[in-house]
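Have a look at the structure below, then the notes.
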Amino acid sequence: MLTYYYLVLKAYLNKEEGQDLIEYALIAGLLALAAVAALTMMSGSLETLWNNLSAALGDAAG
């Protein structure tokens, strides 16, 4: 009887059905974190780019 419980517990612990989903979620989370970090470091450059683009579009329209 103890062997049966051991085998059931071992089979339960070896299940890998949801493992792929968790791995993909972790990868997506790390990519999002990297994107936020990169955008934070480039915020000054991006602000200048958008201001220049806005000014150029304003000059072209008016």
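Within each chain, counting starts at residue 1; across the structure tokens, chains are named A, B, ... in the order shown, with ligands numbered 1 upward in that order.
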For range 40-62 of chain A against range 32-35 of chain A, with a cut-off of 12 Å and counting only C-alpha atoms, what is the closest atom pair and its distance in Å to one decimal for every residue that makes the cut, ordered by chain and number, as CSV?
```
residue,atom,partner,partner_atom,distance
A:Thr40,CA,A:Ala35,CA,8.4
A:Met41,CA,A:Ala35,CA,9.9
A:Met42,CA,A:Ala35,CA,10.5
A:Ser43,CA,A:Ala35,CA,11.9
```
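Note that CA of Leu30 in chain A and CA of Gly18 in chain A are 18.8 Å apart.
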